[in-house]
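Source file: query_39.cif; contents: mmCIF, C-alpha atoms.
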```cif
data_protein
loop_
_atom_site.group_PDB
_atom_site.id
_atom_site.type_symbol
_atom_site.label_atom_id
_atom_site.label_comp_id
_atom_site.auth_asym_id
_atom_site.auth_seq_id
_atom_site.Cartn_x
_atom_site.Cartn_y
_atom_site.Cartn_z
ATOM 1 C CA MET L 116 28.381 -1.469 -70.779
ATOM 2 C CA THR L 117 28.087 -2.674 -74.316
ATOM 3 C CA ALA L 118 31.458 -4.177 -75.138
ATOM 4 C CA ALA L 119 34.262 -6.034 -73.463
ATOM 5 C CA ASN L 120 36.570 -3.085 -74.016
ATOM 6 C CA ALA L 121 34.396 -0.969 -71.710
ATOM 7 C CA CYS L 122 34.579 -3.579 -68.941
ATOM 8 C CA PRO L 123 36.612 -2.763 -65.807
ATOM 9 C CA LEU L 124 37.527 -6.441 -65.329
ATOM 10 C CA CYS L 125 38.885 -6.567 -68.876
ATOM 11 C CA GLU L 126 40.819 -3.330 -68.410
ATOM 12 C CA GLN L 127 42.054 -3.854 -64.840
ATOM 13 C CA GLU L 128 42.968 -6.775 -62.594
ATOM 14 C CA GLY L 129 40.212 -6.040 -60.063
ATOM 15 C CA GLY L 130 42.526 -6.277 -57.044
ATOM 16 C CA GLU L 131 45.952 -7.514 -56.039
ATOM 17 C CA VAL L 132 46.598 -10.650 -58.080
ATOM 18 C CA LEU L 133 47.582 -13.558 -55.817
ATOM 19 C CA TRP L 134 47.629 -16.206 -58.524
ATOM 20 C CA ARG L 135 46.669 -16.589 -62.129
ATOM 21 C CA ASN L 136 46.666 -19.033 -64.998
ATOM 22 C CA THR L 137 45.564 -18.576 -68.583
ATOM 23 C CA GLU L 138 41.858 -18.886 -67.698
ATOM 24 C CA LEU L 139 41.412 -17.057 -64.404
ATOM 25 C CA ARG L 140 42.975 -14.995 -61.644
ATOM 26 C CA VAL L 141 42.557 -14.820 -57.873
ATOM 27 C CA VAL L 142 42.656 -11.330 -56.413
ATOM 28 C CA HIS L 143 42.548 -9.888 -52.936
ATOM 29 C CA THR L 144 40.844 -6.567 -52.490
ATOM 30 C CA ASP L 145 40.796 -4.051 -49.677
ATOM 31 C CA GLU L 146 37.986 -2.081 -51.338
ATOM 32 C CA GLU L 147 35.482 -3.628 -48.959
ATOM 33 C CA THR L 148 36.866 -2.045 -45.818
ATOM 34 C CA LEU L 149 34.415 -3.851 -43.535
ATOM 35 C CA TYR L 150 35.486 -7.231 -44.948
ATOM 36 C CA PRO L 151 39.265 -7.660 -44.827
ATOM 37 C CA GLY L 152 40.344 -10.811 -46.624
ATOM 38 C CA LEU L 153 37.603 -10.658 -49.244
ATOM 39 C CA CYS L 154 38.893 -12.355 -52.393
ATOM 40 C CA ARG L 155 37.588 -12.627 -55.916
ATOM 41 C CA VAL L 156 38.119 -15.326 -58.498
ATOM 42 C CA ILE L 157 37.803 -13.674 -61.888
ATOM 43 C CA TRP L 158 37.508 -15.400 -65.253
ATOM 44 C CA ASN L 159 40.032 -13.733 -67.551
ATOM 45 C CA ALA L 160 37.923 -13.734 -70.723
ATOM 46 C CA HIS L 161 34.863 -11.509 -70.946
ATOM 47 C CA VAL L 162 32.098 -14.019 -70.224
ATOM 48 C CA ALA L 163 28.892 -12.947 -68.485
ATOM 49 C CA GLU L 164 27.382 -16.072 -67.001
ATOM 50 C CA PHE L 165 28.686 -19.145 -65.192
ATOM 51 C CA SER L 166 26.760 -21.364 -67.628
ATOM 52 C CA ASP L 167 28.634 -19.803 -70.558
ATOM 53 C CA LEU L 168 31.650 -21.916 -69.566
ATOM 54 C CA THR L 169 32.286 -25.493 -70.612
ATOM 55 C CA ALA L 170 32.049 -28.191 -67.959
ATOM 56 C CA THR L 171 35.843 -28.464 -67.825
ATOM 57 C CA GLN L 172 36.187 -24.707 -67.356
ATOM 58 C CA ARG L 173 33.509 -24.622 -64.664
ATOM 59 C CA HIS L 174 35.041 -27.474 -62.733
ATOM 60 C CA MET L 175 38.466 -25.830 -62.826
ATOM 61 C CA LEU L 176 37.025 -22.474 -61.750
ATOM 62 C CA MET L 177 35.186 -23.995 -58.808
ATOM 63 C CA ASP L 178 38.232 -26.063 -57.830
ATOM 64 C CA VAL L 179 40.087 -22.768 -57.447
ATOM 65 C CA VAL L 180 37.167 -21.172 -55.566
ATOM 66 C CA THR L 181 37.141 -24.175 -53.244
ATOM 67 C CA CYS L 182 40.889 -24.021 -52.665
ATOM 68 C CA VAL L 183 40.663 -20.336 -51.716
ATOM 69 C CA GLU L 184 37.612 -20.936 -49.520
ATOM 70 C CA HIS L 185 39.432 -23.750 -47.746
ATOM 71 C CA VAL L 186 42.432 -21.550 -46.964
ATOM 72 C CA MET L 187 40.143 -18.784 -45.710
ATOM 73 C CA ARG L 188 38.360 -21.214 -43.417
ATOM 74 C CA THR L 189 41.614 -22.623 -42.088
ATOM 75 C CA MET L 190 43.367 -19.300 -41.530
ATOM 76 C CA LEU L 191 40.459 -17.024 -40.566
ATOM 77 C CA ALA L 192 37.986 -19.401 -38.901
ATOM 78 C CA PRO L 193 34.974 -17.383 -40.077
ATOM 79 C CA THR L 194 31.520 -18.074 -38.707
ATOM 80 C CA LYS L 195 30.417 -18.722 -42.304
ATOM 81 C CA MET L 196 31.763 -18.375 -45.803
ATOM 82 C CA ASN L 197 29.673 -16.532 -48.396
ATOM 83 C CA LEU L 198 30.093 -17.212 -52.132
ATOM 84 C CA ALA L 199 28.375 -15.110 -54.773
ATOM 85 C CA SER L 200 28.509 -14.523 -58.511
ATOM 86 C CA LEU L 201 26.259 -11.538 -59.227
ATOM 87 C CA GLY L 202 27.756 -9.279 -61.906
ATOM 88 C CA ASN L 203 24.784 -6.962 -62.333
ATOM 89 C CA GLN L 204 27.045 -3.933 -62.503
ATOM 90 C CA VAL L 205 30.045 -5.657 -64.060
ATOM 91 C CA PRO L 206 28.762 -8.573 -66.171
ATOM 92 C CA HIS L 207 32.149 -10.245 -66.392
ATOM 93 C CA LEU L 208 32.175 -13.580 -64.562
ATOM 94 C CA HIS L 209 33.670 -13.257 -61.076
ATOM 95 C CA TRP L 210 33.101 -14.924 -57.732
ATOM 96 C CA HIS L 211 33.158 -13.093 -54.412
ATOM 97 C CA LEU L 212 34.512 -15.092 -51.446
ATOM 98 C CA ILE L 213 33.581 -13.342 -48.243
ATOM 99 C CA PRO L 214 34.564 -14.445 -44.735
ATOM 100 C CA ARG L 215 31.701 -13.686 -42.373
ATOM 101 C CA TYR L 216 31.755 -13.365 -38.575
ATOM 102 C CA SER L 217 28.916 -13.206 -36.103
ATOM 103 C CA ASP L 218 30.167 -9.765 -35.015
ATOM 104 C CA ASP L 219 30.667 -8.284 -38.486
ATOM 105 C CA ALA L 220 28.650 -5.287 -39.657
ATOM 106 C CA HIS L 221 25.820 -7.230 -41.330
ATOM 107 C CA PHE L 222 25.721 -10.764 -39.889
ATOM 108 C CA PRO L 223 23.511 -12.773 -40.352
ATOM 109 C CA GLN L 224 22.314 -10.659 -43.272
ATOM 110 C CA PRO L 225 24.184 -10.513 -46.607
ATOM 111 C CA ILE L 226 26.881 -7.842 -46.780
ATOM 112 C CA TRP L 227 24.777 -5.915 -49.302
ATOM 113 C CA SER L 228 21.939 -5.326 -46.828
ATOM 114 C CA PRO L 229 21.878 -2.317 -44.472
ATOM 115 C CA ALA L 230 24.504 -2.541 -41.715
ATOM 116 C CA LEU L 231 23.219 -3.863 -38.388
ATOM 117 C CA ARG L 232 26.044 -2.687 -36.121
ATOM 118 C CA PRO L 233 29.305 -0.737 -36.054
ATOM 119 C CA VAL L 234 32.561 -2.698 -35.988
ATOM 120 C CA ALA L 235 35.264 -1.559 -33.599
ATOM 121 C CA PRO L 236 38.345 -0.195 -35.426
ATOM 122 C CA ALA L 237 40.597 -2.474 -33.355
ATOM 123 C CA LEU L 238 38.698 -5.538 -34.574
ATOM 124 C CA LEU L 239 38.950 -4.413 -38.189
ATOM 125 C CA GLU L 240 42.671 -3.779 -37.766
ATOM 126 C CA ALA L 241 43.154 -7.260 -36.342
ATOM 127 C CA ARG L 242 41.291 -8.749 -39.309
ATOM 128 C CA GLN L 243 43.306 -6.638 -41.739
ATOM 129 C CA ALA L 244 46.472 -8.064 -40.195
ATOM 130 C CA GLN L 245 45.063 -11.584 -40.610
ATOM 131 C CA ALA L 246 44.254 -10.792 -44.235
ATOM 132 C CA GLN L 247 47.898 -10.058 -44.929
ATOM 133 C CA LYS L 248 48.836 -13.569 -43.813
ATOM 134 C CA LEU L 249 45.878 -15.003 -45.691
ATOM 135 C CA ARG L 250 47.234 -13.720 -48.997
ATOM 136 C CA THR L 251 50.454 -15.683 -48.511
ATOM 137 C CA GLY L 252 48.520 -18.784 -47.511
ATOM 138 C CA ILE L 253 46.339 -18.564 -50.608
ATOM 139 C CA MET L 254 49.327 -18.071 -52.889
ATOM 140 C CA GLN L 255 51.010 -21.150 -51.395
ATOM 141 C CA ALA L 256 47.892 -23.303 -51.615
ATOM 142 C CA LEU L 257 47.186 -22.329 -55.216
ATOM 143 C CA ALA L 258 50.798 -22.902 -56.217
ATOM 144 C CA SER L 259 50.424 -26.510 -55.138
ATOM 145 C CA LEU L 260 47.006 -26.996 -56.752
ATOM 146 C CA ALA L 261 47.398 -29.530 -59.534
ATOM 147 C CA ILE L 262 45.594 -27.690 -62.332
ATOM 148 C CA MET K 292 21.076 -23.482 -34.494
ATOM 149 C CA THR K 293 23.293 -26.026 -32.847
ATOM 150 C CA ALA K 294 22.390 -29.324 -34.479
ATOM 151 C CA ALA K 295 21.182 -30.699 -37.792
ATOM 152 C CA ASN K 296 17.875 -31.657 -36.226
ATOM 153 C CA ALA K 297 17.135 -27.969 -35.592
ATOM 154 C CA CYS K 298 17.789 -27.093 -39.239
ATOM 155 C CA PRO K 299 14.841 -26.045 -41.429
ATOM 156 C CA LEU K 300 16.494 -27.525 -44.536
ATOM 157 C CA CYS K 301 16.848 -30.866 -42.759
ATOM 158 C CA GLU K 302 13.264 -30.769 -41.517
ATOM 159 C CA GLN K 303 11.588 -29.349 -44.640
ATOM 160 C CA GLU K 304 12.142 -29.387 -48.393
ATOM 161 C CA GLY K 305 12.643 -25.596 -48.610
ATOM 162 C CA GLY K 306 10.231 -25.162 -51.519
ATOM 163 C CA GLU K 307 8.417 -27.162 -54.188
ATOM 164 C CA VAL K 308 10.734 -29.994 -55.180
ATOM 165 C CA LEU K 309 11.251 -30.039 -58.968
ATOM 166 C CA TRP K 310 13.883 -32.783 -59.006
ATOM 167 C CA ARG K 311 15.984 -34.702 -56.566
ATOM 168 C CA ASN K 312 18.558 -37.429 -56.349
ATOM 169 C CA THR K 313 20.200 -38.980 -53.322
ATOM 170 C CA GLU K 314 22.606 -36.048 -52.859
ATOM 171 C CA LEU K 315 20.594 -32.911 -53.631
ATOM 172 C CA ARG K 316 17.256 -31.421 -54.564
ATOM 173 C CA VAL K 317 16.148 -28.541 -56.780
ATOM 174 C CA VAL K 318 13.291 -26.483 -55.405
ATOM 175 C CA HIS K 319 11.237 -23.588 -56.672
ATOM 176 C CA THR K 320 10.022 -21.077 -54.136
ATOM 177 C CA ASP K 321 7.458 -18.330 -54.273
ATOM 178 C CA GLU K 322 8.593 -16.950 -50.904
ATOM 179 C CA GLU K 323 10.495 -14.192 -52.668
ATOM 180 C CA THR K 324 7.467 -12.459 -54.118
ATOM 181 C CA LEU K 325 9.545 -9.885 -56.011
ATOM 182 C CA TYR K 326 11.527 -12.661 -57.726
ATOM 183 C CA PRO K 327 9.232 -15.203 -59.374
ATOM 184 C CA GLY K 328 11.195 -18.163 -60.697
ATOM 185 C CA LEU K 329 13.806 -18.073 -57.950
ATOM 186 C CA CYS K 330 15.127 -21.595 -57.461
ATOM 187 C CA ARG K 331 17.373 -23.211 -54.905
ATOM 188 C CA VAL K 332 19.660 -26.186 -55.217
ATOM 189 C CA ILE K 333 19.929 -27.729 -51.764
ATOM 190 C CA TRP K 334 22.402 -30.379 -50.643
ATOM 191 C CA ASN K 335 20.380 -33.043 -48.860
ATOM 192 C CA ALA K 336 22.846 -33.814 -46.077
ATOM 193 C CA HIS K 337 23.525 -31.219 -43.394
ATOM 194 C CA VAL K 338 26.785 -29.716 -44.618
ATOM 195 C CA ALA K 339 27.646 -26.076 -43.956
ATOM 196 C CA GLU K 340 30.225 -25.090 -46.549
ATOM 197 C CA PHE K 341 30.781 -25.735 -50.246
ATOM 198 C CA SER K 342 34.347 -26.822 -49.501
ATOM 199 C CA ASP K 343 33.043 -29.540 -47.147
ATOM 200 C CA LEU K 344 32.089 -31.556 -50.246
ATOM 201 C CA THR K 345 34.382 -33.854 -52.193
ATOM 202 C CA ALA K 346 35.423 -32.772 -55.687
ATOM 203 C CA THR K 347 33.012 -35.285 -57.226
ATOM 204 C CA GLN K 348 30.146 -33.978 -55.106
ATOM 205 C CA ARG K 349 30.985 -30.349 -55.911
ATOM 206 C CA HIS K 350 31.175 -30.982 -59.626
ATOM 207 C CA MET K 351 27.824 -32.768 -59.614
ATOM 208 C CA LEU K 352 26.218 -29.998 -57.564
ATOM 209 C CA MET K 353 27.464 -27.283 -59.900
ATOM 210 C CA ASP K 354 26.461 -29.309 -62.964
ATOM 211 C CA VAL K 355 22.907 -29.204 -61.608
ATOM 212 C CA VAL K 356 23.184 -25.485 -60.777
ATOM 213 C CA THR K 357 24.392 -24.879 -64.321
ATOM 214 C CA CYS K 358 21.585 -26.911 -65.858
ATOM 215 C CA VAL K 359 18.980 -24.925 -63.908
ATOM 216 C CA GLU K 360 20.688 -21.621 -64.721
ATOM 217 C CA HIS K 361 20.725 -22.525 -68.410
ATOM 218 C CA VAL K 362 16.992 -23.268 -68.443
ATOM 219 C CA MET K 363 16.283 -20.005 -66.611
ATOM 220 C CA ARG K 364 18.318 -18.067 -69.162
ATOM 221 C CA THR K 365 16.602 -19.783 -72.092
ATOM 222 C CA MET K 366 13.041 -19.486 -70.802
ATOM 223 C CA LEU K 367 13.170 -16.171 -68.911
ATOM 224 C CA ALA K 368 15.843 -14.181 -70.778
ATOM 225 C CA PRO K 369 16.922 -12.321 -67.627
ATOM 226 C CA THR K 370 19.250 -9.328 -67.817
ATOM 227 C CA LYS K 371 21.620 -11.258 -65.538
ATOM 228 C CA MET K 372 21.675 -14.410 -63.460
ATOM 229 C CA ASN K 373 22.733 -14.174 -59.809
ATOM 230 C CA LEU K 374 24.153 -17.190 -57.955
ATOM 231 C CA ALA K 375 24.816 -17.163 -54.234
ATOM 232 C CA SER K 376 25.597 -19.584 -51.426
ATOM 233 C CA LEU K 377 25.366 -17.616 -48.180
ATOM 234 C CA GLY K 378 23.772 -19.672 -45.402
ATOM 235 C CA ASN K 379 24.375 -17.244 -42.554
ATOM 236 C CA GLN K 380 20.917 -17.872 -41.147
ATOM 237 C CA VAL K 381 20.573 -21.469 -42.302
ATOM 238 C CA PRO K 382 24.062 -22.994 -42.482
ATOM 239 C CA HIS K 383 22.977 -25.931 -44.613
ATOM 240 C CA LEU K 384 24.548 -25.801 -48.061
ATOM 241 C CA HIS K 385 22.156 -24.312 -50.622
ATOM 242 C CA TRP K 386 22.515 -22.219 -53.756
ATOM 243 C CA HIS K 387 20.160 -19.424 -54.723
ATOM 244 C CA LEU K 388 19.573 -18.965 -58.473
ATOM 245 C CA ILE K 389 17.960 -15.609 -59.072
ATOM 246 C CA PRO K 390 16.845 -14.251 -62.449
ATOM 247 C CA ARG K 391 17.443 -10.507 -62.524
ATOM 248 C CA TYR K 392 15.931 -7.864 -64.798
ATOM 249 C CA SER K 393 16.889 -4.260 -65.353
ATOM 250 C CA ASP K 394 13.414 -3.234 -64.162
ATOM 251 C CA ASP K 395 13.279 -5.437 -61.055
ATOM 252 C CA ALA K 396 13.047 -3.931 -57.571
ATOM 253 C CA HIS K 397 16.795 -3.819 -56.839
ATOM 254 C CA PHE K 398 18.699 -3.944 -60.129
ATOM 255 C CA PRO K 399 21.661 -3.445 -60.455
ATOM 256 C CA GLN K 400 22.042 -3.935 -56.707
ATOM 257 C CA PRO K 401 21.828 -7.369 -55.059
ATOM 258 C CA ILE K 402 18.307 -8.413 -54.051
ATOM 259 C CA TRP K 403 19.306 -8.090 -50.378
ATOM 260 C CA SER K 404 19.984 -4.351 -50.641
ATOM 261 C CA PRO K 405 17.245 -1.746 -50.119
ATOM 262 C CA ALA K 406 14.722 -1.685 -52.969
ATOM 263 C CA LEU K 407 15.314 0.990 -55.596
ATOM 264 C CA ARG K 408 11.881 1.042 -57.242
ATOM 265 C CA PRO K 409 8.393 -0.443 -57.060
ATOM 266 C CA VAL K 410 7.477 -3.188 -59.522
ATOM 267 C CA ALA K 411 4.088 -2.992 -61.228
ATOM 268 C CA PRO K 412 1.752 -5.811 -60.147
ATOM 269 C CA ALA K 413 1.048 -6.651 -63.804
ATOM 270 C CA LEU K 414 4.753 -7.211 -64.436
ATOM 271 C CA LEU K 415 5.063 -9.446 -61.388
ATOM 272 C CA GLU K 416 2.007 -11.417 -62.488
ATOM 273 C CA ALA K 417 3.490 -11.908 -65.955
ATOM 274 C CA ARG K 418 6.713 -13.177 -64.391
ATOM 275 C CA GLN K 419 4.799 -15.461 -62.047
ATOM 276 C CA ALA K 420 3.094 -16.979 -65.098
ATOM 277 C CA GLN K 421 6.504 -17.468 -66.733
ATOM 278 C CA ALA K 422 7.740 -19.127 -63.549
ATOM 279 C CA GLN K 423 5.044 -21.770 -63.813
ATOM 280 C CA LYS K 424 6.364 -22.783 -67.245
ATOM 281 C CA LEU K 425 9.942 -22.561 -65.988
ATOM 282 C CA ARG K 426 9.290 -25.277 -63.410
ATOM 283 C CA THR K 427 8.253 -27.724 -66.140
ATOM 284 C CA GLY K 428 11.268 -26.763 -68.249
ATOM 285 C CA ILE K 429 13.626 -27.350 -65.339
ATOM 286 C CA MET K 430 12.069 -30.699 -64.527
ATOM 287 C CA GLN K 431 12.474 -31.823 -68.140
ATOM 288 C CA ALA K 432 16.045 -30.596 -68.409
ATOM 289 C CA LEU K 433 17.099 -32.245 -65.157
ATOM 290 C CA ALA K 434 15.378 -35.501 -66.102
ATOM 291 C CA SER K 435 17.661 -35.705 -69.127
ATOM 292 C CA LEU K 436 20.817 -34.694 -67.231
ATOM 293 C CA ALA K 437 23.159 -37.654 -67.276
ATOM 294 C CA ILE K 438 24.082 -37.768 -63.594
#
```
Could you render the structure as structure tokens?
Amino acid sequence: MTAANACPLCEQEGGEVLWRNTELRVVHTDEETLYPGLCRVIWNAHVAEFSDLTATQRHMLMDVVTCVEHVMRTMLAPTKMNLASLGNQVPHLHWHLIPRYSDDAHFPQPIWSPALRPVAPALLEARQAQAQKLRTGIMQALASLAI
Amino acid sequence: MTAANACPLCEQEGGEVLWRNTELRVVHTDEETLYPGLCRVIWNAHVAEFSDLTATQRHMLMDVVTCVEHVMRTMLAPTKMNLASLGNQVPHLHWHLIPRYSDDAHFPQPIWSPALRPVAPALLEARQAQAQKLRTGIMQALASLAI
């Protein structure tokens, strides 16, 4: 990738947009089939690194990340939340917010490590159903966020 | 782990302390032998999730993360910086700051995925030498951070 116009997060939303302002968007994705509810907070402009932002931009971005994390914790009661900004493959600033459970496929390892166990389809379906409600909860919480 | 007094980040520093204030500490670790220069920013109190902090605490924490990331970028010129707060094994709030290079063991995958290639010992030694200078640079930068 050599230019912003070859960047998938410049060309596409990167998931179902739950909320956006001029600087960033919050998306829900079902790409990660083992992790229903996984959300991303994506900076709209093509910026590679967190420290490329101004302090005001960073604080606003992390206020949104925190709001989404808080809703996930309240509605999903995960064992742990995981936050990560990697971007090795897509160097366009985005945060992954991943709800983790002690019985998920990789716990306590990161989701990028080899899977440790299978996850029963019924459990995944139940979490997918929760994720549908989560999206509404996140949209409501972000709508009332004073930014 | 059921209590703060069984937590390794309550009992130990978690690496060589480069800087600290009453709320947090910045440590350098050579535990991750494939990733010289890897630093952690650790909240001193036993708090599990980022969203457990107040807005003022979060902003200060990420200002320090950003300062350390900026020094790493300036002194190491990594291909990409990776930031992550996972804590599945040690649920005591800490951020990993990982300099990544296109020729490191896992790039472009996360460092927790299976290794993709060996790294020549001479390259690791050169990066270990850089990491020694990085520590001084981080200490200087944090000393002048107005927090």
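CA of Ala261 in chain L is found 19.6 Å from CA of Thr189 in chain L.
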Proximity of chain L to chain K: per-residue shortest pair, 8 Å limit, only C-alpha atoms, as CSV:
```
residue,atom,partner,partner_atom,distance
L:Glu164,CA,K:Met372,CA,6.9
L:Phe165,CA,K:Thr357,CA,7.2
L:Ser166,CA,K:Thr357,CA,5.4
L:Ala170,CA,K:Asp354,CA,7.6
L:His174,CA,K:His350,CA,6.1
L:Asp178,CA,K:Ala346,CA,7.6
L:Thr181,CA,K:Ser342,CA,5.4
L:Cys182,CA,K:Ser342,CA,7.8
L:Glu184,CA,K:Ser342,CA,6.7
L:His185,CA,K:Ser342,CA,6.2
L:Lys195,CA,K:Asn379,CA,6.2
L:Met196,CA,K:Leu377,CA,6.9
L:Asn197,CA,K:Leu377,CA,4.4
L:Leu198,CA,K:Ser376,CA,5.1
L:Ala199,CA,K:Ala375,CA,4.1
L:Ser200,CA,K:Leu374,CA,5.1
L:Leu201,CA,K:Asn373,CA,4.4
L:Gly202,CA,K:Asn373,CA,7.3
L:Asn203,CA,K:Pro399,CA,5.1
L:Gln204,CA,K:Pro399,CA,5.8
L:Pro206,CA,K:Lys371,CA,7.7
L:Phe222,CA,K:Asn379,CA,7.1
L:Pro223,CA,K:Asn379,CA,5.1
L:Gln224,CA,K:Asn379,CA,6.9
L:Pro225,CA,K:Trp403,CA,6.6
L:Trp227,CA,K:Ser404,CA,5.2
L:Ser228,CA,K:Ser404,CA,4.4
L:Pro229,CA,K:Ser404,CA,6.8
```
Expanded to explicit residues, what is the PyMOL selection byres ((chain K and resi 427) around 12) for this file, as a PyMOL selection string? chain K and resi 307-310+318-319+328+359+362-363+366+420-426+428-434
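Taking CA of Cys298 in chain K and CA of Glu323 in chain K as the two end points, the separation is 20.0 Å.
Take CA of Leu315 in chain K and CA of Leu139 in chain L: the distance between them is 28.3 Å.
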